[in-house]
file coords06.csv (CSV, C-alpha atoms (C1' of nucleotides))
chain,number,residue,atom,x,y,z
N,147,MET,CA,16.8,28.7,-9.1
N,148,THR,CA,17.7,30.9,-6.1
N,149,VAL,CA,18.8,27.8,-4.3
N,150,GLU,CA,15.3,27.4,-3.1
N,151,LYS,CA,14.5,25.1,-0.1
N,152,SER,CA,12.7,22.3,-1.9
N,153,THR,CA,12.3,20.3,1.3
N,154,VAL,CA,9.7,18.2,-0.4
N,155,GLY,CA,8.0,15.6,1.8
N,156,ARG,CA,10.3,12.6,1.8
N,157,VAL,CA,9.3,9.7,3.9
N,158,THR,CA,11.7,6.8,4.3
N,159,VAL,CA,9.9,3.6,4.1
N,160,LYS,CA,11.7,0.5,5.2
N,161,LEU,CA,10.6,-2.5,3.2
N,162,ASP,CA,12.0,-6.0,2.7
N,163,PRO,CA,14.4,-6.5,-0.2
N,164,SER,CA,11.7,-8.8,-1.7
N,165,ASP,CA,9.2,-6.0,-1.9
N,166,HIS,CA,11.8,-3.6,-3.3
N,167,LYS,CA,12.7,-6.1,-6.0
N,168,ARG,CA,9.1,-6.7,-7.0
N,169,LEU,CA,8.4,-3.0,-7.1
N,170,ARG,CA,11.3,-2.5,-9.5
N,171,ALA,CA,10.1,-5.5,-11.6
N,172,LEU,CA,6.6,-4.0,-11.7
N,173,ALA,CA,7.9,-0.6,-12.8
N,174,THR,CA,9.8,-2.2,-15.6
N,175,THR,CA,6.8,-4.1,-16.8
N,176,ARG,CA,4.6,-1.0,-16.7
N,177,LYS,CA,7.2,1.2,-18.3
N,178,ARG,CA,7.1,3.4,-15.2
N,179,THR,CA,9.7,4.3,-12.7
N,180,PRO,CA,9.7,2.4,-9.3
N,181,HIS,CA,9.3,5.7,-7.5
N,182,TYR,CA,6.2,6.6,-9.4
N,183,LEU,CA,4.6,3.3,-8.3
N,184,MET,CA,5.5,3.9,-4.7
N,185,LYS,CA,3.7,7.3,-4.8
N,186,GLU,CA,0.8,5.6,-6.5
N,187,ALA,CA,0.8,2.8,-3.9
N,188,ILE,CA,0.7,5.2,-0.9
N,189,HIS,CA,-1.8,7.5,-2.6
N,190,ALA,CA,-4.1,4.6,-3.6
N,191,TYR,CA,-3.8,3.1,-0.1
N,192,ILE,CA,-5.0,6.2,1.5
N,193,GLU,CA,-7.9,6.6,-0.8
N,194,GLN,CA,-8.9,3.0,-0.4
N,195,ALA,CA,-8.5,3.0,3.3
N,196,GLU,CA,-10.7,6.1,3.7
N,197,VAL,CA,-13.4,4.5,1.5
N,198,GLU,CA,-12.9,1.1,2.9
N,199,GLN,CA,-14.8,1.8,6.0
N,200,ALA,CA,-17.7,3.2,4.1
N,201,VAL,CA,-17.7,0.3,1.6
N,202,LEU,CA,-17.7,-2.4,4.3
N,203,GLU,CA,-20.8,-0.9,5.9
N,204,ILE,CA,-22.6,-0.3,2.7
N,205,VAL,CA,-21.7,-3.8,1.3
N,206,ASP,CA,-22.6,-5.6,4.4
N,207,ASP,CA,-26.0,-3.9,4.7
N,208,SER,CA,-26.8,-4.1,1.1
N,209,ALA,CA,-25.6,-7.7,0.7
N,210,ALA,CA,-28.0,-8.8,3.4
N,211,HIS,CA,-30.8,-7.1,1.6
N,212,PHE,CA,-29.9,-9.0,-1.6
N,213,GLU,CA,-29.9,-12.4,0.0
N,214,ALA,CA,-33.1,-11.6,2.0
N,215,THR,CA,-35.0,-10.4,-1.0
N,216,GLY,CA,-33.3,-12.9,-3.3
N,217,LEU,CA,-32.8,-10.2,-5.9
N,218,HIS,CA,-29.9,-10.2,-8.3
N,219,ILE,CA,-27.8,-7.5,-10.0
N,220,THR,CA,-25.7,-7.7,-13.1
N,221,PHE,CA,-22.0,-8.1,-12.7
N,222,ASN,CA,-21.5,-5.0,-14.7
N,223,GLU,CA,-23.4,-2.9,-12.2
N,224,VAL,CA,-21.3,-4.2,-9.4
N,225,LYS,CA,-18.1,-3.1,-11.2
N,226,ASP,CA,-19.6,0.3,-12.1
N,227,TRP,CA,-20.6,0.8,-8.5
N,228,ALA,CA,-17.1,-0.1,-7.2
N,229,LYS,CA,-15.4,2.3,-9.5
N,230,ARG,CA,-17.7,5.1,-8.6
N,231,LEU,CA,-16.9,4.6,-4.9
N,232,LYS,CA,-13.4,5.8,-5.5
N,233,THR,CA,-14.6,9.2,-6.6
N,234,ASP,CA,-18.0,9.2,-5.0
N,235,ARG,CA,-18.1,7.6,-1.6
N,236,ASN,CA,-21.7,8.4,-1.2
N,237,ALA,CA,-22.6,6.4,-4.3
N,238,LYS,CA,-25.2,3.9,-3.4
N,239,LEU,CA,-25.9,0.6,-5.1
N,240,PRO,CA,-28.2,0.6,-8.2
N,241,GLU,CA,-31.8,-0.6,-8.2
N,242,CYS,CA,-32.1,-4.3,-7.6
N,243,HIS,CA,-33.9,-6.2,-10.4
N,244,ILE,CA,-34.8,-9.8,-11.0
D,298,MET,CA,23.7,-14.9,10.4
D,299,THR,CA,26.6,-13.8,8.3
D,300,VAL,CA,27.4,-10.5,10.0
D,301,GLU,CA,26.4,-8.9,6.7
D,302,LYS,CA,24.5,-5.6,7.1
D,303,SER,CA,24.1,-4.4,3.5
D,304,THR,CA,21.9,-1.4,3.8
D,305,VAL,CA,18.5,-2.9,4.7
D,306,GLY,CA,15.7,-1.8,2.5
D,307,ARG,CA,15.3,1.9,2.8
D,308,VAL,CA,13.3,3.5,0.1
D,309,THR,CA,12.7,7.2,0.3
D,310,VAL,CA,9.4,8.0,-1.2
D,311,LYS,CA,8.7,11.6,-2.1
D,312,LEU,CA,5.1,12.3,-1.5
D,313,ASP,CA,3.0,15.4,-1.0
D,314,PRO,CA,2.5,16.7,2.6
D,315,SER,CA,-1.2,15.9,2.1
D,316,ASP,CA,-0.5,12.2,1.7
D,317,HIS,CA,1.9,12.2,4.6
D,318,LYS,CA,-0.7,13.9,6.9
D,319,ARG,CA,-3.4,11.5,5.9
D,320,LEU,CA,-1.1,8.5,6.4
D,321,ARG,CA,-0.4,9.6,9.9
D,322,ALA,CA,-4.2,10.2,10.6
D,323,LEU,CA,-4.9,6.7,9.3
D,324,ALA,CA,-2.2,5.2,11.6
D,325,THR,CA,-3.7,7.0,14.5
D,326,THR,CA,-7.2,5.7,13.7
D,327,ARG,CA,-6.0,2.1,13.2
D,328,LYS,CA,-3.8,2.3,16.3
D,329,ARG,CA,-0.8,1.5,14.2
D,330,THR,CA,2.4,3.4,13.5
D,331,PRO,CA,2.5,5.4,10.2
D,332,HIS,CA,5.5,3.6,9.1
D,333,TYR,CA,3.8,0.2,9.4
D,334,LEU,CA,1.0,1.5,7.1
D,335,MET,CA,3.6,2.6,4.5
D,336,LYS,CA,5.0,-0.9,4.4
D,337,GLU,CA,1.6,-2.4,4.2
D,338,ALA,CA,0.6,0.0,1.5
D,339,ILE,CA,3.6,-0.9,-0.7
D,340,HIS,CA,3.2,-4.6,0.1
D,341,ALA,CA,-0.5,-4.6,-0.6
D,342,TYR,CA,0.0,-2.6,-3.8
D,343,ILE,CA,2.5,-5.2,-5.2
D,344,GLU,CA,0.1,-8.1,-4.4
D,345,GLN,CA,-2.8,-6.3,-6.0
D,346,ALA,CA,-0.8,-5.2,-9.0
D,347,GLU,CA,0.4,-8.7,-9.8
D,348,VAL,CA,-3.2,-10.0,-9.6
D,349,GLU,CA,-4.6,-7.0,-11.3
D,350,GLN,CA,-3.5,-8.0,-14.8
D,351,ALA,CA,-5.0,-11.5,-14.3
D,352,VAL,CA,-8.3,-10.0,-13.0
D,353,LEU,CA,-8.7,-7.5,-15.9
D,354,GLU,CA,-8.3,-10.3,-18.4
D,355,ILE,CA,-10.7,-12.7,-16.7
D,356,VAL,CA,-13.2,-10.0,-15.8
D,357,ASP,CA,-13.3,-8.6,-19.4
D,358,ASP,CA,-13.8,-12.0,-20.9
D,359,SER,CA,-16.3,-13.2,-18.4
D,360,ALA,CA,-18.2,-9.9,-18.3
D,361,ALA,CA,-18.8,-10.1,-22.0
D,362,HIS,CA,-20.2,-13.6,-21.5
D,363,PHE,CA,-22.6,-12.4,-18.8
D,364,GLU,CA,-24.0,-9.7,-20.9
D,365,ALA,CA,-24.2,-11.9,-24.0
D,366,THR,CA,-26.1,-14.6,-22.2
D,367,GLY,CA,-27.9,-12.2,-19.9
D,368,LEU,CA,-27.2,-14.4,-16.9
D,369,HIS,CA,-26.9,-13.0,-13.4
D,370,ILE,CA,-24.8,-13.9,-10.4
D,371,THR,CA,-25.4,-13.0,-6.7
D,372,PHE,CA,-23.4,-10.1,-5.3
D,373,ASN,CA,-22.1,-12.5,-2.6
D,374,GLU,CA,-20.6,-14.7,-5.2
D,375,VAL,CA,-18.7,-11.8,-6.8
D,376,LYS,CA,-17.2,-10.8,-3.5
D,377,ASP,CA,-16.1,-14.4,-2.8
D,378,TRP,CA,-14.6,-14.7,-6.2
D,379,ALA,CA,-12.7,-11.4,-5.8
D,380,LYS,CA,-11.3,-12.5,-2.4
D,381,ARG,CA,-10.1,-15.8,-3.8
D,382,LEU,CA,-8.3,-14.1,-6.6
D,383,LYS,CA,-5.8,-12.7,-4.2
D,384,THR,CA,-4.6,-16.1,-3.1
D,385,ASP,CA,-5.7,-18.1,-6.1
D,386,ARG,CA,-5.3,-16.2,-9.4
D,387,ASN,CA,-6.5,-19.2,-11.4
D,388,ALA,CA,-9.8,-19.1,-9.5
D,389,LYS,CA,-12.6,-18.9,-12.1
D,390,LEU,CA,-16.0,-17.4,-11.7
D,391,PRO,CA,-18.7,-19.6,-10.2
D,392,GLU,CA,-21.6,-21.1,-12.1
D,393,CYS,CA,-24.0,-18.6,-13.7
D,394,HIS,CA,-27.6,-19.1,-12.8
D,395,ILE,CA,-30.8,-17.1,-13.5
I,26,DC,C1',22.7,-0.5,30.3
I,27,DC,C1',23.5,-2.3,25.6
I,28,DA,C1',22.2,-4.3,21.3
I,29,DG,C1',18.9,-5.0,17.7
I,30,DT,C1',15.0,-3.4,15.3
I,31,DT,C1',11.6,-0.2,14.1
I,32,DG,C1',10.3,4.5,13.0
I,33,DG,C1',11.5,9.1,10.8
I,34,DA,C1',14.1,12.9,8.9
I,35,DT,C1',18.0,14.9,6.1
I,36,DG,C1',21.8,15.3,2.8
I,37,DA,C1',23.9,13.8,-1.2
I,38,DC,C1',24.1,11.8,-5.7
I,39,DC,C1',22.1,10.5,-10.3
U,212,DG,C1',12.4,13.3,-10.5
U,213,DG,C1',14.5,9.0,-8.6
U,214,DT,C1',17.7,6.5,-5.5
U,215,DC,C1',20.9,5.5,-1.8
U,216,DA,C1',23.3,6.3,2.6
U,217,DT,C1',23.8,7.9,7.1
U,218,DC,C1',22.2,9.6,11.5
U,219,DC,C1',18.9,9.9,15.0
U,220,DA,C1',15.0,8.9,18.5
U,221,DA,C1',12.4,5.5,20.6
U,222,DC,C1',10.9,1.1,21.9
U,223,DT,C1',12.3,-3.8,23.1
U,224,DG,C1',14.7,-8.0,24.6
U,225,DG,C1',18.6,-9.6,27.2

call {"tool": "encode", "arguments": {"input": "coords06.csv", "output": "structure tokens"}}
result
Amino acid sequence: MTVEKSTVGRVTVKLDPSDHKRLRALATTRKRTPHYLMKEAIHAYIEQAEVEQAVLEIVDDSAAHFEATGLHITFNEVKDWAKRLKTDRNAKLPECHI
Amino acid sequence: MTVEKSTVGRVTVKLDPSDHKRLRALATTRKRTPHYLMKEAIHAYIEQAEVEQAVLEIVDDSAAHFEATGLHITFNEVKDWAKRLKTDRNAKLPECHI
DNA sequence: CCAGTTGGATGACC
DNA sequence: GGTCATCCAACTGG
């Protein structure tokens, strides 16, 4: 309507034909459009990258504590923690228990 | 090299200005060009996506076993296993020990 | 300086 | 919304 100026942010990404092909294949498998996956890829990458730095510091520091104390945590707790990091970057690891 | 120049991979991804801005900020922090990160993002996404399906199946099946037996594994082992999955999708979880 | 490649935006078409 | 094509600016190797 009203010949509006969409001018939505388009960014031309130059990727290898191999990547493009795999992207399309993935989209077909997921019943999604390749473009949707590209947006997801960029969006996810940014979120991960921003959280990445925080994770590396927390993990490295916490991991050393686990090995030093010899404590163990359940695999389920590790997964839960990792998922919470994506939405709560200040989420710390749960209590360590034998 | 077959003088062929058939439109090298150019994929225009329409993303929000917020994503584009964050992408540029990330590139500046990493001392890389924004475009390079975009390629990396798509490439990494494909690799992860292909392995994702395998991980979900293995994790779900293995996780149930951990909870059922009540066994625990070290956090370090979980990290090592996750990293190996990216290059070895048939890598199974290490021995469970109390 | 020119050619090839990367890096980035825009217009057009489906 | 999704996809392709073309042009442009900059850096790089010869």

call {"tool": "closest_atom_pairs", "arguments": {"input": "coords06.csv", "of": "chain D", "to": "chain N", "cutoff": "6 Å", "atoms": "only C-alpha atoms", "output": "CSV"}}
result
residue,atom,partner,partner_atom,distance
D:Gly306,CA,N:Leu161,CA,5.2
D:Arg307,CA,N:Lys160,CA,4.5
D:Val308,CA,N:Val159,CA,5.3
D:Thr309,CA,N:Thr158,CA,4.1
D:Val310,CA,N:Val157,CA,5.4
D:Lys311,CA,N:Arg156,CA,4.3
D:Leu312,CA,N:Gly155,CA,5.5
D:Asp313,CA,N:Gly155,CA,5.7
D:Pro314,CA,N:Gly155,CA,5.7
D:Lys336,CA,N:Leu161,CA,5.9
D:Ala338,CA,N:Tyr191,CA,5.6
D:Ile339,CA,N:Ala187,CA,5.6
D:Tyr342,CA,N:Ala187,CA,5.5
D:His369,CA,N:Thr220,CA,5.4
D:Thr371,CA,N:His218,CA,5.5

call {"tool": "closest_atom_pairs", "arguments": {"input": "coords06.csv", "of": "chain I", "to": "chain D", "cutoff": "9 Å", "atoms": "all atoms listed in the file", "output": "Markdown table"}}
result
| residue | atom | partner | partner_atom | distance |
| --- | --- | --- | --- | --- |
| I:DT31 | C1' | D:His332 | CA | 8.8 |
| I:DG32 | C1' | D:His332 | CA | 6.2 |
| I:DG33 | C1' | D:His332 | CA | 8.3 |

call {"tool": "interface_residues", "arguments": {"input": "coords06.csv", "of": "chain U", "to": "chain D", "cutoff": "9 Å", "atoms": "only C-alpha atoms (C1' of nucleotides)", "output": "PyMOL selection string"}}
result
chain U and resi 214-216

call {"tool": "atom_distance", "arguments": {"input": "coords06.csv", "atom1": "C1' of DT223 in chain U", "atom2": "C1' of DA28 in chain I"}}
result
10.1 Å
